[in-house]
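J.: Got a structure for you, written out below as structure tokens; questions coming shortly.
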Amino acid sequence: MATIIEMVAATRLDCVLGSASLMRRPLAEASWHVAHRSAFRSLLADKPLMRNVIADLAVESEAATALAIRLAAAVDRADDPHEAALRRVGLPLAKYWVCKRTPMMVAEALECLGGNGYVEESGLPLLFRESPLNSIWEGSGNVNALDVLRALTRSPEALNAWLVEVGRARGEDVRLDRAIESVLESLADTSAMEMGARRLTSQMALCLQGALLVQQAPAAVADAFCASRLGAEYGGTLGTLPRGTDVVPIVERTTPAPP
């Protein structure tokens with residue numbers, strides 16, 4: 001049984017890493033395209049709305065990568081009790097959230113290229129067809145959301161590990177602090193846990209991503225993430241970062257350098 005559990009965990013990590021890397025390629029294609037494509041007498045990258053889209057894509061990609069790398073480090077530390085507990089809850093969290101966000105993210109990046117991104121020669125249609133696979137493979141969304149509940153109810157150390165991880169960033173951003181409190185309130189209400197498993201899983205994954213970015217990412221990236229994914233002004237689709245978000249350094253950071 002232990003071998004089967006370890007195999008599933010390893011495959012889920014592969015899915016998260018694969019989806020995070022899959023996000024990065026279309027982001028690079030989109031940011032490069034808008035930096036060189038002109039419309040209405042200026043580059044697309046100079047348009048405020050396009051900057052919002054590219055910055056939002058970059059934030060999504062960076063959050064996915066940060067979470068994937070953190071869990072890869074936990075897998076590497078096989079004998080550490082905290083890391084083992086984090087793996088138990090973190091892998092299904094990330095498998096659910098990162099893999100499910102990938103198709104939307106790839107589609108939005110493809111849209112930045114317009115018709116050029118839709119034709120096979122661009123390479124993006126292949127990535128788009130590939131993008132849902134990891135969400136289906138090794139446990140669909142419901143399977144992973146229910147596995148999160150099972151980890152929380154059967155392995156108290158798993159919740160403690162999550163609390164330790166997000167606790168390292170407590171006090172750094174009020175929006176993150178509120179989101180963590182919201183998770184704790186959800187956990188306290190056990191009347192409809194299974195009904196709300198997807199919502200709880202999403203919230204826990206977002207808090208974990210936010211905590212990692214607040215500690216490790218540039219301030220502009222962390223602020224954009226917390227203002228959108230953890231704030232109250234997000235439009236729900238990519239390219240709706242709230243007014244006042246400092247998108248310019250995020251766009252500049254993510255655009256590939258010329259050869």
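By convention in this document, the chains of the structure tokens carry letters A, B, ... by their order, each chain's residues are numbered from 1, and ligands are numbered from 1 in the order they are shown.
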Excluding Val248 (chain A) and residues on its chain fewer than 4 positions from it, collect all residues at most 8 Å away from it, counting only C-alpha atoms, and give them as a ChimeraX atom specification.
T.: /A:51,55,252
J.: Leaving out Pro48 (chain A) and any residue of its chain fewer than 4 positions from it, which residues lie within 12 Å of it when counting only C-alpha atoms, given as a list in words?
T.: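 Non-adjacent residues within range: Val34, Ser42, Leu43, Leu44, Asn52, Val53, Ile54, Ala55, Gly239, Thr240, Leu241, Arg243, Gly244, Thr245, Asp246, Val247, Val248 and Val251 of chain A.
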J.: Okay, now the selection with N, CA, C and O atoms, as an mmCIF file, in the first residue's frame?
T.:
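File produced: out07.cif:
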data_model
loop_
_atom_site.group_PDB
_atom_site.id
_atom_site.type_symbol
_atom_site.label_atom_id
_atom_site.label_comp_id
_atom_site.auth_asym_id
_atom_site.auth_seq_id
_atom_site.Cartn_x
_atom_site.Cartn_y
_atom_site.Cartn_z
ATOM 1 N N VAL A 34 3.289 40.322 -28.290
ATOM 2 C CA VAL A 34 2.749 41.666 -28.074
ATOM 3 C C VAL A 34 3.862 42.705 -27.961
ATOM 4 O O VAL A 34 3.618 43.899 -28.175
ATOM 5 N N SER A 42 0.866 51.788 -32.210
ATOM 6 C CA SER A 42 1.789 51.495 -31.105
ATOM 7 C C SER A 42 1.851 49.998 -30.889
ATOM 8 O O SER A 42 1.004 49.241 -31.386
ATOM 9 N N LEU A 43 2.860 49.572 -30.158
ATOM 10 C CA LEU A 43 2.985 48.157 -29.852
ATOM 11 C C LEU A 43 1.839 47.700 -28.953
ATOM 12 O O LEU A 43 1.371 48.445 -28.090
ATOM 13 N N LEU A 44 1.421 46.467 -29.142
ATOM 14 C CA LEU A 44 0.375 45.919 -28.286
ATOM 15 C C LEU A 44 0.802 45.953 -26.819
ATOM 16 O O LEU A 44 -0.020 46.165 -25.921
ATOM 17 N N ASN A 52 -2.315 44.369 -18.817
ATOM 18 C CA ASN A 52 -3.068 43.703 -17.761
ATOM 19 C C ASN A 52 -3.138 42.204 -18.032
ATOM 20 O O ASN A 52 -2.934 41.385 -17.129
ATOM 21 N N VAL A 53 -3.403 41.850 -19.284
ATOM 22 C CA VAL A 53 -3.509 40.435 -19.639
ATOM 23 C C VAL A 53 -2.175 39.720 -19.452
ATOM 24 O O VAL A 53 -2.100 38.657 -18.813
ATOM 25 N N ILE A 54 -1.111 40.283 -19.991
ATOM 26 C CA ILE A 54 0.201 39.630 -19.910
ATOM 27 C C ILE A 54 0.663 39.536 -18.459
ATOM 28 O O ILE A 54 1.192 38.505 -18.022
ATOM 29 N N ALA A 55 0.456 40.593 -17.693
ATOM 30 C CA ALA A 55 0.854 40.561 -16.281
ATOM 31 C C ALA A 55 0.079 39.493 -15.529
ATOM 32 O O ALA A 55 0.638 38.770 -14.698
ATOM 33 N N GLY A 239 -6.614 38.928 -17.049
ATOM 34 C CA GLY A 239 -6.626 40.261 -17.642
ATOM 35 C C GLY A 239 -7.532 41.228 -16.904
ATOM 36 O O GLY A 239 -7.844 42.304 -17.407
ATOM 37 N N THR A 240 -7.914 40.872 -15.682
ATOM 38 C CA THR A 240 -8.774 41.752 -14.879
ATOM 39 C C THR A 240 -8.102 42.096 -13.553
ATOM 40 O O THR A 240 -8.758 42.155 -12.508
ATOM 41 N N LEU A 241 -6.798 42.301 -13.583
ATOM 42 C CA LEU A 241 -6.104 42.751 -12.379
ATOM 43 C C LEU A 241 -6.680 44.089 -11.935
ATOM 44 O O LEU A 241 -7.016 44.942 -12.764
ATOM 45 N N ARG A 243 -7.435 47.890 -10.620
ATOM 46 C CA ARG A 243 -6.833 49.189 -10.898
ATOM 47 C C ARG A 243 -5.773 49.491 -9.849
ATOM 48 O O ARG A 243 -5.956 49.233 -8.666
ATOM 49 N N GLY A 244 -4.662 50.047 -10.299
ATOM 50 C CA GLY A 244 -3.571 50.374 -9.389
ATOM 51 C C GLY A 244 -2.495 49.313 -9.317
ATOM 52 O O GLY A 244 -1.438 49.545 -8.718
ATOM 53 N N THR A 245 -2.738 48.144 -9.926
ATOM 54 C CA THR A 245 -1.724 47.096 -9.947
ATOM 55 C C THR A 245 -0.539 47.544 -10.790
ATOM 56 O O THR A 245 -0.704 48.046 -11.904
ATOM 57 N N ASP A 246 0.649 47.367 -10.282
ATOM 58 C CA ASP A 246 1.871 47.777 -10.987
ATOM 59 C C ASP A 246 2.253 46.692 -11.995
ATOM 60 O O ASP A 246 3.055 45.799 -11.704
ATOM 61 N N VAL A 247 1.672 46.769 -13.180
ATOM 62 C CA VAL A 247 1.840 45.692 -14.162
ATOM 63 C C VAL A 247 3.118 45.816 -14.978
ATOM 64 O O VAL A 247 3.625 44.809 -15.501
ATOM 65 N N VAL A 248 3.663 47.014 -15.111
ATOM 66 C CA VAL A 248 4.804 47.221 -16.015
ATOM 67 C C VAL A 248 6.004 46.350 -15.649
ATOM 68 O O VAL A 248 6.554 45.651 -16.510
ATOM 69 N N VAL A 251 5.345 42.683 -16.612
ATOM 70 C CA VAL A 251 5.427 42.441 -18.060
ATOM 71 C C VAL A 251 6.873 42.434 -18.526
ATOM 72 O O VAL A 251 7.305 41.548 -19.266
#
J.: Take CA of Arg229 (chain A) and CA of Asn144 (chain A) and report the distance between them in Å, one decimal.
T.: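 Rounded to one decimal, the two atoms are 20.7 Å apart.
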J.: Just want the 7 Å neighbourhood of region 99-101 of chain A, counted on only C-alpha atoms, with same-chain residues fewer than 4 positions away dropped. Output as a list of chain:residue names.
T.: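 Counting only the stated atoms, we get A:Val16, A:Ser19, A:Lys95, A:Met105, A:Asn134, A:Ser135.
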J.: Within 7 Å of region 25-28 of chain A, counting only C-alpha atoms, which residues show up once you throw out same-chain ones fewer than 3 positions away? Write them as a ChimeraX atom specification, please.
T.: /A:21-22,31-32,57-58,106,109-110,124,255-256
J.: Just write the chosen residues, C-alpha atoms, as a tab-separated table (two decimals), in the first residue's frame.
T.:
chain	number	residue	atom	x	y	z
A	21	SER	CA	5.96	24.29	-17.37
A	22	LEU	CA	3.13	24.12	-19.89
A	31	SER	CA	4.61	38.29	-24.22
A	32	TRP	CA	7.05	38.11	-27.14
A	57	LEU	CA	-0.76	35.46	-17.21
A	58	ALA	CA	2.69	35.96	-15.68
A	106	VAL	CA	-3.12	28.56	-22.30
A	109	ALA	CA	-2.20	33.30	-24.07
A	110	LEU	CA	-3.22	31.88	-27.45
A	124	LEU	CA	0.01	26.78	-29.48
A	255	THR	CA	9.03	39.12	-21.77
A	256	PRO	CA	11.84	37.05	-23.35
J.: Provide the CA of Pro258 (chain A) to CA of Ala35 (chain A) distance in Å, to one decimal place.
T.: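 Pair CA of Pro258 (chain A) / CA of Ala35 (chain A) returns 10.4 Å.
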J.: Report as JSON lines the residues of region 164-187 of chain A within 12 Å of region 73-91 of chain A, each with its shortest atom pair and distance in Å (one decimal), using only C-alpha atoms, ordered by chain and increasing residue number.
T.:
{"residue": "A:Val164", "atom": "CA", "partner": "A:His82", "partner_atom": "CA", "distance": 9.0}
{"residue": "A:Glu165", "atom": "CA", "partner": "A:Leu86", "partner_atom": "CA", "distance": 8.4}
{"residue": "A:Val166", "atom": "CA", "partner": "A:Leu86", "partner_atom": "CA", "distance": 11.2}
J.: DSSP on the backbone, then: every residue of region 17-66 of chain A marked alpha helix (DSSP H), written as a ChimeraX atom specification.
T.: /A:17-36,48-66
J.: Report as a JSON list (two decimals) with N, CA, C and O atoms, in the first residue's frame all protein, DNA and RNA residues lying within 9 Å of Glu62 (chain A), evaluated on only C-alpha atoms, omitting residues in the same chain fewer than 4 positions from it.
T.:
[["chain", "number", "residue", "atom", "x", "y", "z"],
["A", 20, "ALA", "N", 2.77, 23.42, -14.76],
["A", 20, "ALA", "CA", 3.46, 24.69, -14.53],
["A", 20, "ALA", "C", 4.39, 25.03, -15.71],
["A", 20, "ALA", "O", 4.46, 26.19, -16.14],
["A", 24, "ARG", "N", 4.26, 28.15, -18.86],
["A", 24, "ARG", "CA", 5.36, 29.07, -19.16],
["A", 24, "ARG", "C", 5.56, 29.27, -20.66],
["A", 24, "ARG", "O", 5.83, 30.39, -21.12],
["A", 57, "LEU", "N", -1.29, 36.75, -16.78],
["A", 57, "LEU", "CA", -0.76, 35.46, -17.21],
["A", 57, "LEU", "C", 0.55, 35.15, -16.48],
["A", 57, "LEU", "O", 0.79, 34.02, -16.05],
["A", 58, "ALA", "N", 1.40, 36.16, -16.35],
["A", 58, "ALA", "CA", 2.69, 35.96, -15.68],
["A", 58, "ALA", "C", 2.51, 35.62, -14.21],
["A", 58, "ALA", "O", 3.21, 34.75, -13.67],
["A", 66, "ALA", "N", 6.02, 28.40, -8.39],
["A", 66, "ALA", "CA", 6.46, 28.46, -6.98],
["A", 66, "ALA", "C", 5.91, 27.29, -6.19],
["A", 66, "ALA", "O", 6.62, 26.66, -5.40],
["A", 67, "LEU", "N", 4.64, 26.97, -6.40],
["A", 67, "LEU", "CA", 4.02, 25.86, -5.67],
["A", 67, "LEU", "C", 4.60, 24.52, -6.10],
["A", 67, "LEU", "O", 4.88, 23.65, -5.27],
["A", 213, "LEU", "N", 4.69, 33.38, -2.71],
["A", 213, "LEU", "CA", 5.03, 34.57, -3.48],
["A", 213, "LEU", "C", 5.38, 35.75, -2.58],
["A", 213, "LEU", "O", 6.31, 36.50, -2.87],
["A", 217, "ALA", "N", 8.78, 36.11, -4.17],
["A", 217, "ALA", "CA", 8.65, 36.78, -5.47],
["A", 217, "ALA", "C", 8.90, 38.28, -5.35],
["A", 217, "ALA", "O", 8.84, 38.84, -4.25],
["A", 221, "VAL", "N", 4.83, 41.23, -8.18],
["A", 221, "VAL", "CA", 4.18, 39.95, -8.46],
["A", 221, "VAL", "C", 3.32, 39.52, -7.27],
["A", 221, "VAL", "O", 2.16, 39.15, -7.41]]
J.: Select from region 18-231 of chain A everything DSSP, run on the backbone, classes as strand (DSSP E), then give the selection as a list in words.
T.: Ser38, Ala39, Ser42 and Leu43 of chain A
J.: Which is closer to Pro249 (chain A) than all the others in A:Leu113, A:Leu13, A:Val183, A:Ala224, using only C-alpha atoms?
T.: A:Ala224
J.: Using only C-alpha atoms, which residues sit within 12 Å of Glu172 (chain A) once same-chain residues fewer than 5 positions away are excluded, as a ChimeraX atom specification?
T.: /A:166-167,177-178,210-216,219,222-223,226
J.: Keeping only all heavy atoms, take the residues you just selected and write them out as a compact mmCIF listing (two decimals), in the first residue's frame.
T.:
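Wrote it out as selection.txt, contents follow:
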# COMPACT_ATOMS: atom_id res chain seq x y z
N VAL A 166 1.77 28.43 5.48
CA VAL A 166 1.16 29.74 5.26
C VAL A 166 1.47 30.68 6.41
O VAL A 166 1.51 31.91 6.24
CB VAL A 166 -0.37 29.61 5.05
CG1 VAL A 166 -0.67 28.77 3.81
CG2 VAL A 166 -1.07 29.04 6.27
N GLY A 167 1.70 30.11 7.61
CA GLY A 167 2.01 30.93 8.77
C GLY A 167 3.31 31.68 8.64
O GLY A 167 3.50 32.72 9.30
N ASP A 177 -3.73 37.27 4.96
CA ASP A 177 -4.17 36.95 6.31
C ASP A 177 -5.68 36.68 6.35
O ASP A 177 -6.13 35.74 7.00
CB ASP A 177 -3.83 38.11 7.26
CG ASP A 177 -2.34 38.25 7.51
OD1 ASP A 177 -1.60 37.30 7.16
OD2 ASP A 177 -1.93 39.29 8.03
N ARG A 178 -6.44 37.51 5.64
CA ARG A 178 -7.90 37.31 5.60
C ARG A 178 -8.26 36.00 4.92
O ARG A 178 -9.20 35.30 5.34
CB ARG A 178 -8.57 38.49 4.90
CG ARG A 178 -8.68 39.75 5.72
CD ARG A 178 -9.71 40.70 5.16
NE ARG A 178 -9.36 41.13 3.81
CZ ARG A 178 -8.78 42.29 3.52
NH1 ARG A 178 -8.50 43.15 4.50
NH2 ARG A 178 -8.50 42.63 2.28
N GLY A 210 0.02 32.17 -2.38
CA GLY A 210 0.23 33.53 -1.91
C GLY A 210 1.35 33.63 -0.88
O GLY A 210 2.17 34.55 -0.93
N ALA A 211 1.38 32.67 0.03
CA ALA A 211 2.44 32.69 1.06
C ALA A 211 3.82 32.54 0.41
O ALA A 211 4.78 33.20 0.82
CB ALA A 211 2.19 31.57 2.05
N LEU A 212 3.93 31.68 -0.58
CA LEU A 212 5.21 31.49 -1.26
C LEU A 212 5.63 32.75 -2.01
O LEU A 212 6.80 33.16 -1.95
CB LEU A 212 5.12 30.31 -2.22
CG LEU A 212 5.00 28.93 -1.56
CD1 LEU A 212 4.61 27.87 -2.60
CD2 LEU A 212 6.30 28.54 -0.87
N LEU A 213 4.69 33.38 -2.71
CA LEU A 213 5.03 34.57 -3.48
C LEU A 213 5.38 35.75 -2.58
O LEU A 213 6.31 36.50 -2.87
CB LEU A 213 3.87 34.94 -4.41
CG LEU A 213 3.58 33.96 -5.54
CD1 LEU A 213 2.42 34.45 -6.39
CD2 LEU A 213 4.81 33.72 -6.41
N VAL A 214 4.66 35.91 -1.49
CA VAL A 214 4.95 37.00 -0.56
C VAL A 214 6.36 36.87 -0.01
O VAL A 214 7.07 37.87 0.19
CB VAL A 214 3.91 37.03 0.58
CG1 VAL A 214 4.38 37.88 1.75
CG2 VAL A 214 2.57 37.55 0.07
N GLN A 215 6.80 35.65 0.20
CA GLN A 215 8.14 35.43 0.75
C GLN A 215 9.24 35.47 -0.30
O GLN A 215 10.38 35.85 0.01
CB GLN A 215 8.18 34.06 1.44
CG GLN A 215 7.29 33.93 2.65
CD GLN A 215 7.27 32.51 3.19
OE1 GLN A 215 8.13 32.12 3.97
NE2 GLN A 215 6.30 31.73 2.75
N GLN A 216 8.93 35.09 -1.53
CA GLN A 216 10.00 34.83 -2.49
C GLN A 216 9.96 35.68 -3.76
O GLN A 216 10.99 35.89 -4.39
CB GLN A 216 9.96 33.35 -2.90
CG GLN A 216 10.11 32.39 -1.74
CD GLN A 216 9.82 30.96 -2.13
OE1 GLN A 216 9.64 30.63 -3.31
NE2 GLN A 216 9.78 30.07 -1.15
N ALA A 219 8.05 42.18 -5.29
CA ALA A 219 6.89 42.78 -4.62
C ALA A 219 5.72 42.99 -5.58
O ALA A 219 4.56 42.79 -5.20
CB ALA A 219 7.30 44.11 -3.99
N ALA A 222 3.90 39.58 -6.08
CA ALA A 222 3.17 39.17 -4.87
C ALA A 222 1.95 40.05 -4.65
O ALA A 222 0.87 39.56 -4.30
CB ALA A 222 4.09 39.22 -3.66
N ASP A 223 2.11 41.36 -4.86
CA ASP A 223 0.99 42.26 -4.66
C ASP A 223 -0.13 42.00 -5.66
O ASP A 223 -1.31 42.01 -5.31
CB ASP A 223 1.45 43.71 -4.76
CG ASP A 223 0.32 44.70 -4.55
OD1 ASP A 223 -0.17 44.80 -3.41
OD2 ASP A 223 -0.10 45.35 -5.53
N CYS A 226 -1.99 38.78 -4.60
CA CYS A 226 -2.86 38.96 -3.43
C CYS A 226 -4.04 39.88 -3.75
O CYS A 226 -5.15 39.66 -3.26
CB CYS A 226 -2.05 39.51 -2.26
SG CYS A 226 -0.84 38.35 -1.60
J.: Show which residues sit within 12 Å of Ile180 (chain A), as an NGL selection string. Count only C-alpha atoms, and ignore same-chain residues fewer than 5 positions away.
T.: :A and (162-171 or 173-175 or 185-187 or 200 or 202-211 or 226 or 230)
J.: Any idea what the distance is between CA of Gly139 (chain A) and CA of Thr102 (chain A)?
T.: 15.8 Å
J.: Nearest to Thr237 (chain A): which of A:His33, A:Met104, A:Ala45, A:Asn116 is it, counting only C-alpha atoms?
T.: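 Among the listed residues, A:Met104 lies closest to Thr237 (chain A).
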